Amino acid sequence: MMLQIALRQGRGGLVATTAIAAFNGIAQSLGYAAIAGHSPATRAAFAAQMELVGRQLTFLLPVPAQVETVAGFLQWRHFGTLPLVYGVWALLAAAGAARGDEERGHVEQWLAAGLSRARYLVSRVAVFALLATVSAAVTCGATLLGTAWAGDALPLAGLVAQGIALVALSVCCYAIALVVTQFAVTGRTAAGIGAAVLGALFLIAGAARSGGFEGVAPLSPFWQYERSRPLITGGSLDPTSVMWLFGVALLGTAGAVVLFARRDLGSSALPRRVSRAAPVRDPARRITLRLPVIAGIDRQATGLIAWSIGLSALGIFLGSLLPTMIRLAKEVPIIRVIVLRGGSGDLDAAFVGAVWGSSALLVLSSYVIAQVAAWAADESEGRLEMALSAPIPRWRIVLERIATLTVGASFLVLVASVIVGTATRAQGLSVDLAKFAAASALLVPLVVTCGAIGAVLIGWRPRAAVWLLGLVIVASYFIQQLAPMFGFNDLIRHLSLFELYGTPLLDGPNWRGLAIQVAIIAVGFGTALFSMSRRDIAR
Amino acid sequence: MRADRPPIATHLLTKDYGSGRGIFDLDLVIDRGEVFGFLGPNGAGKTTTIRQLMGLVRPSRGSAEIFGLDCQRDSVEVKRHIGYLPGELPQYGGWKGTEVVAYLAGLRGNVDPGEVRRIAERFDLDLGRTYREYSHGNKQKLALVVAFMHRPELLILDEPTSGLDPLNQHQFHELVDGAIARGASVFLSSHVLSEVEQLCDRAGIVREGRLVALAPLAELRAAKEREVEIRFASAPPIERIRALDGVTVLESTGPRVRCRVRGSIAPLVTVLRDAEVVDLVTHEPTLEQAFLSFYSA
């Protein structure tokens, strides 16, 4: 019974992760053939360039090897990036299983039905392992298909071994996250703490590739995963590291079971402070809670600070790599083509624009998805019903959402752009500050555009809105990233929302894109206003 | 708002969700100062009716008015006069009770903090704790604070005592009495007959989406039949019991008597005073039985 429930709960994550990973497998296989060509000479030239690139990207990806073969390229570019995708899935799945379902009261019901705590957690781990196996199998199959389409071949045994390593890593990350989430109370904090821990382990593995943290690197599951390189000639599945990953998964599961058995349901495994304060009977005096829009900002104040720290940290981190990347671009023509999008111009500005623009767009898109998820939750958790029981018109809800999203996004962009702009200048890069400020400001309408699409989806299918918007944003991101590599035609390129942003640091504001964004915002929020005024408020 | 119009008036109000679910052709008028109980089993259509009155759900046909204002068209104005308690409590996660009240008071405006304090004290509710920490009962108390804090002229309460202990149920009854004393009207849904009996002036019963009965509580009480089982130490005074007005003996076996009593139980108790009673059990009628006995009277 529990297995069936856990399988049902894990369907969404399975589909999303597998779709991303399988798509990446096919795209990288086809991309390799398109860019590296088919002759040994062109592939050798491509490999020389990629090895240069790879050495500069060791903070993110494993060190490349045998890139002159499709197997070597996929080992590096495809199976080297999947740990991030599967790690995020493991984290979210564990936070959901350990805390999300507990918050929703499901765990209480299951335990009351006679299920033991140990059996509950072990079932969830087992089901996740099963789902990870299915996902890895589909991903490997899709990668095989992609290489076949491109007229290449992969060693089947190596692919199976790679799949095993991927499953071992996923289950290990899941178990670690399961332990960590025992110390949180809510699903959201569990995901936050888990992200910090797994992120640190990921960075340790990255630093170890450049010679840092070598002593503690074996403690990172990502480092252990990279010990296996079964796709390249002479490489194999490293049994010790795979055993290590499964061993940590077992230990982690046991640790989580012990912690879960010792703590109260709905509480952290950390001892709780007993409050001796006198009871409060008055409403909060904070004026911010009583003002339209400001109340919405007040509700997400902590979140906004966390988002701005995350965005700034990412900007600074990527900014610190810019001088090296620019130097590299001067040596590797393919990078210049990708960054300048086939055109020409100031390389400094192009790089700052590409790195800041794409990372900011990605983080801000995630922020929009979080906002839309909050709108959906307002409805499903009854807060919208309570708000509408006050004498306020329905349109006010939609307008407040637009305003809150705009203010929140503006705050994020302002804080992060000031910090990133300062850091960029400190790197000695010659970037026009006025253009940088304009490029940053132009991120806000794009965020609101995504929000407008989210608002329409909320009015149409509140439960599916978050997934649908996520799909639009992920597709937009991939189209934008892959378009220069594959030479997509304009029709496909314009399907990406991010295309509306353009390259403002390089070419100035994309006025046409801005006009389209304004139109989407007007139509989107207009539709949302109409839909909100007409529809039933459901729970 | 029109002072001469009833707090609630519905005309053929219908919400059809298909497959017989929803509420159909509801005609109902609630008078000023009245406490009206809307009774029915789960899924009968009580919450759907309430959500239509609140303008959250649009009727498939028919109309609903509150103080003469259309619940859909004049939804904003209508809600100035309403205090609402939803059947399913909202979730406010990490918010403190004090923040929830301040936020909802901010949306509504004109809320006296003194009134919030009085209601919170009455329920002994600590608003300083996070919503997540509240038990179900405390969440219900917070929802009651929000419903009553602006001293509304009409209270629409969906299962208001769900999760409250008897002490707090009593506090709630006093709160309703206070609201009625200042001229408010109350429309409450429930599936607990005893609660409706205690609070309401009139009750309607809804079953499978249709209002099947509507009666003043005084009449309902007079017509109420209950089953009584008595075990005597010696031979039961069966003839004296049979002679009582409103009492029907259903079974008499040895020292055990089972009978049905319509209306007050006092005459039976008087007869039993002179007998040696070992055990006495009364069975509260179900809603259906109560109404059936009312209509068969």
# chains A, B, ... in the order shown; residues from 1 in each chain; ligands from 1
>>> residues_around(residues="Arg21 in chain B", least_positions_apart="6", cutoff="9 Å", atoms="only C-alpha atoms", output="list in words")
Lys15, Gly43, Ala44, Gly45, Glu208 and Gly209 of chain B
>>> interface_residues(of="chain B", to="chain A", cutoff="7 Å", atoms="only C-alpha atoms", output="VMD selection string")
chain B and resid 54 56 to 58 76 to 77 79 to 80 84 89 to 91 98 to 99 101 to 104 106 to 108 113 116 to 117 120 to 121 126 to 128
>>> write_last_selection(atoms="N, CA and C atoms", output="short mmCIF file (atom, residue, chain, number, x, y, z; two decimals), in the first residue's frame")
data_model
loop_
_atom_site.label_atom_id
_atom_site.label_comp_id
_atom_site.auth_asym_id
_atom_site.auth_seq_id
_atom_site.Cartn_x
_atom_site.Cartn_y
_atom_site.Cartn_z
N MET B 54 -21.47 33.69 -0.06
CA MET B 54 -20.26 34.50 0.08
C MET B 54 -19.74 34.99 -1.27
N LEU B 56 -18.34 33.25 -3.52
CA LEU B 56 -17.13 32.53 -3.93
C LEU B 56 -17.45 31.58 -5.08
N VAL B 57 -18.69 31.12 -5.10
CA VAL B 57 -19.14 30.18 -6.13
C VAL B 57 -20.36 30.79 -6.81
N ARG B 58 -20.36 30.73 -8.13
CA ARG B 58 -21.47 31.33 -8.88
C ARG B 58 -22.62 30.33 -9.03
N VAL B 76 -18.88 42.89 -2.90
CA VAL B 76 -18.01 43.66 -2.01
C VAL B 76 -18.83 44.31 -0.89
N GLU B 77 -19.93 44.93 -1.28
CA GLU B 77 -20.78 45.60 -0.30
C GLU B 77 -21.37 44.59 0.68
N LYS B 79 -20.14 41.86 1.73
CA LYS B 79 -19.17 41.34 2.71
C LYS B 79 -18.83 42.32 3.81
N ARG B 80 -19.19 43.57 3.62
CA ARG B 80 -18.99 44.53 4.72
C ARG B 80 -19.84 44.13 5.93
N TYR B 84 -17.48 35.67 8.44
CA TYR B 84 -17.51 34.35 7.77
C TYR B 84 -16.53 33.38 8.42
N LEU B 89 -10.62 24.97 7.31
CA LEU B 89 -9.81 26.08 7.79
C LEU B 89 -8.65 26.37 6.84
N PRO B 90 -8.35 27.67 6.67
CA PRO B 90 -7.22 28.02 5.81
C PRO B 90 -5.89 27.68 6.49
N GLN B 91 -4.83 27.65 5.71
CA GLN B 91 -3.50 27.36 6.26
C GLN B 91 -2.63 28.61 6.16
N THR B 98 -1.30 36.56 15.56
CA THR B 98 -1.43 38.01 15.64
C THR B 98 -1.27 38.65 14.25
N GLU B 99 -0.43 38.02 13.39
CA GLU B 99 -0.22 38.52 12.03
C GLU B 99 -1.42 38.18 11.13
N VAL B 101 -4.50 37.86 12.07
CA VAL B 101 -5.60 38.77 12.43
C VAL B 101 -5.34 40.17 11.87
N ALA B 102 -4.08 40.64 12.01
CA ALA B 102 -3.75 41.99 11.53
C ALA B 102 -3.93 42.08 10.02
N TYR B 103 -3.51 41.03 9.29
CA TYR B 103 -3.60 41.04 7.83
C TYR B 103 -5.07 41.06 7.39
N LEU B 104 -5.89 40.18 7.99
CA LEU B 104 -7.30 40.12 7.59
C LEU B 104 -8.07 41.36 8.06
N GLY B 106 -6.66 44.24 8.22
CA GLY B 106 -6.21 45.26 7.27
C GLY B 106 -7.02 45.21 5.98
N LEU B 107 -7.35 44.01 5.52
CA LEU B 107 -8.17 43.87 4.31
C LEU B 107 -9.57 44.41 4.54
N ARG B 108 -10.07 44.18 5.74
CA ARG B 108 -11.45 44.54 6.05
C ARG B 108 -11.57 46.01 6.45
N PRO B 113 -9.21 46.70 17.76
CA PRO B 113 -8.31 45.72 18.39
C PRO B 113 -8.84 45.24 19.74
N VAL B 116 -10.92 42.23 19.21
CA VAL B 116 -10.05 41.06 18.98
C VAL B 116 -9.57 40.53 20.33
N ARG B 117 -9.11 41.44 21.18
CA ARG B 117 -8.59 41.06 22.50
C ARG B 117 -9.66 40.35 23.32
N ALA B 120 -10.30 36.85 21.89
CA ALA B 120 -9.14 35.97 22.15
C ALA B 120 -9.10 35.57 23.62
N GLU B 121 -9.41 36.53 24.49
CA GLU B 121 -9.42 36.22 25.93
C GLU B 121 -10.53 35.23 26.26
N ASP B 126 -3.86 32.20 22.50
CA ASP B 126 -2.60 32.94 22.44
C ASP B 126 -2.29 33.26 20.98
N LEU B 127 -2.39 34.52 20.61
CA LEU B 127 -2.15 34.92 19.21
C LEU B 127 -0.66 35.03 18.90
N GLY B 128 0.17 34.84 19.91
CA GLY B 128 1.62 34.99 19.71
C GLY B 128 2.27 33.75 19.12
#
>>> residues_around(residues="Val78 in chain B", least_positions_apart="2", cutoff="10 Å", atoms="only C-alpha atoms", output="list of chain:residue names")
A:Ser389, A:Ala390, A:Pro391, B:Met1, B:Leu53, B:Met54, B:Gly55, B:Glu65, B:Ile66, B:Phe67, B:Gly68, B:Leu69, B:Asp70, B:Cys71, B:Gln72, B:Arg73, B:Asp74, B:Ser75, B:Val76, B:Arg80, B:His81, B:Ile82, B:Leu154
>>> write_last_selection(atoms="C-alpha atoms", output="CSV table (one decimal), in the first residue's frame")
chain,number,residue,atom,x,y,z
A,389,SER,CA,-14.5,37.1,2.6
A,390,ALA,CA,-13.3,40.7,3.3
A,391,PRO,CA,-15.0,43.5,1.4
B,1,MET,CA,-27.8,47.7,2.3
B,53,LEU,CA,-23.9,33.3,-0.3
B,54,MET,CA,-20.3,34.5,0.1
B,55,GLY,CA,-20.0,35.1,-3.7
B,65,GLU,CA,-29.5,38.3,-1.6
B,66,ILE,CA,-28.1,39.5,1.6
B,67,PHE,CA,-29.8,42.5,3.1
B,68,GLY,CA,-31.3,43.1,-0.4
B,69,LEU,CA,-28.0,43.1,-2.1
B,70,ASP,CA,-27.2,40.5,-4.8
B,71,CYS,CA,-24.5,38.1,-3.5
B,72,GLN,CA,-22.7,38.1,-6.8
B,73,ARG,CA,-23.2,41.6,-8.2
B,74,ASP,CA,-22.8,43.4,-4.9
B,75,SER,CA,-20.3,41.0,-3.5
B,76,VAL,CA,-18.0,43.7,-2.0
B,80,ARG,CA,-19.0,44.5,4.7
B,81,HIS,CA,-21.9,43.1,6.7
B,82,ILE,CA,-20.8,39.5,7.0
B,154,LEU,CA,-24.8,38.7,9.7
>>> residues_around(residues="Val145 in chain B", least_positions_apart="4", cutoff="10 Å", atoms="only C-alpha atoms", output="JSON, numbers by chain")
{"B": [83, 85, 101, 115, 116, 117, 118, 119, 120, 122, 123, 125, 139, 140, 141, 149, 150]}
>>> write_last_selection(atoms="N, CA and C atoms", output="mmCIF file, in the first residue's frame")
data_model
loop_
_atom_site.group_PDB
_atom_site.id
_atom_site.type_symbol
_atom_site.label_atom_id
_atom_site.label_comp_id
_atom_site.auth_asym_id
_atom_site.auth_seq_id
_atom_site.Cartn_x
_atom_site.Cartn_y
_atom_site.Cartn_z
ATOM 1 N N GLY B 83 -19.692 38.283 8.762
ATOM 2 C CA GLY B 83 -18.554 37.618 9.398
ATOM 3 C C GLY B 83 -18.594 36.175 8.946
ATOM 4 N N LEU B 85 -17.012 32.184 8.661
ATOM 5 C CA LEU B 85 -16.140 31.118 9.140
ATOM 6 C C LEU B 85 -16.223 29.971 8.128
ATOM 7 N N VAL B 101 -4.500 37.864 12.067
ATOM 8 C CA VAL B 101 -5.602 38.772 12.428
ATOM 9 C C VAL B 101 -5.337 40.170 11.870
ATOM 10 N N GLU B 115 -11.882 44.508 20.429
ATOM 11 C CA GLU B 115 -12.811 43.398 20.187
ATOM 12 C C GLU B 115 -12.026 42.106 19.957
ATOM 13 N N VAL B 116 -10.918 42.230 19.214
ATOM 14 C CA VAL B 116 -10.055 41.060 18.981
ATOM 15 C C VAL B 116 -9.571 40.532 20.333
ATOM 16 N N ARG B 117 -9.114 41.445 21.184
ATOM 17 C CA ARG B 117 -8.586 41.058 22.498
ATOM 18 C C ARG B 117 -9.665 40.351 23.319
ATOM 19 N N ARG B 118 -10.878 40.911 23.281
ATOM 20 C CA ARG B 118 -11.969 40.332 24.086
ATOM 21 C C ARG B 118 -12.283 38.896 23.621
ATOM 22 N N ILE B 119 -12.340 38.706 22.331
ATOM 23 C CA ILE B 119 -12.693 37.358 21.835
ATOM 24 C C ILE B 119 -11.546 36.381 22.107
ATOM 25 N N ALA B 120 -10.297 36.853 21.891
ATOM 26 C CA ALA B 120 -9.141 35.973 22.147
ATOM 27 C C ALA B 120 -9.096 35.574 23.619
ATOM 28 N N ARG B 122 -11.658 35.434 25.659
ATOM 29 C CA ARG B 122 -12.807 34.545 25.909
ATOM 30 C C ARG B 122 -12.442 33.090 25.575
ATOM 31 N N PHE B 123 -11.710 32.925 24.471
ATOM 32 C CA PHE B 123 -11.323 31.566 24.061
ATOM 33 C C PHE B 123 -9.958 31.148 24.621
ATOM 34 N N LEU B 125 -7.087 32.221 23.758
ATOM 35 C CA LEU B 125 -6.270 31.945 22.569
ATOM 36 C C LEU B 125 -5.022 32.829 22.579
ATOM 37 N N LYS B 139 -6.968 26.616 15.849
ATOM 38 C CA LYS B 139 -7.176 27.213 14.515
ATOM 39 C C LYS B 139 -8.645 27.632 14.367
ATOM 40 N N GLN B 140 -9.530 26.790 14.907
ATOM 41 C CA GLN B 140 -10.960 27.101 14.840
ATOM 42 C C GLN B 140 -11.253 28.372 15.648
ATOM 43 N N LYS B 141 -10.597 28.483 16.808
ATOM 44 C CA LYS B 141 -10.807 29.680 17.638
ATOM 45 C C LYS B 141 -10.333 30.935 16.897
ATOM 46 N N MET B 149 -14.671 39.613 14.768
ATOM 47 C CA MET B 149 -13.891 40.775 15.231
ATOM 48 C C MET B 149 -14.450 42.129 14.794
ATOM 49 N N HIS B 150 -15.228 42.171 13.694
ATOM 50 C CA HIS B 150 -15.734 43.470 13.228
ATOM 51 C C HIS B 150 -17.213 43.653 13.564
#
>>> select_by_dssp(residues="range 34-93 of chain B", states="helix (DSSP H, G or I)", output="list of chain:residue names")
B:Lys46, B:Thr47, B:Thr48, B:Thr49, B:Ile50, B:Arg51, B:Gln52, B:Leu53, B:Ser75, B:Val76, B:Glu77, B:Val78, B:Lys79, B:Arg80
>>> closest_residue(among="A:Thr81, A:Ser365, A:Gln481, A:Thr527", to="Val448 in chain A", atoms="only C-alpha atoms")
A:Ser365
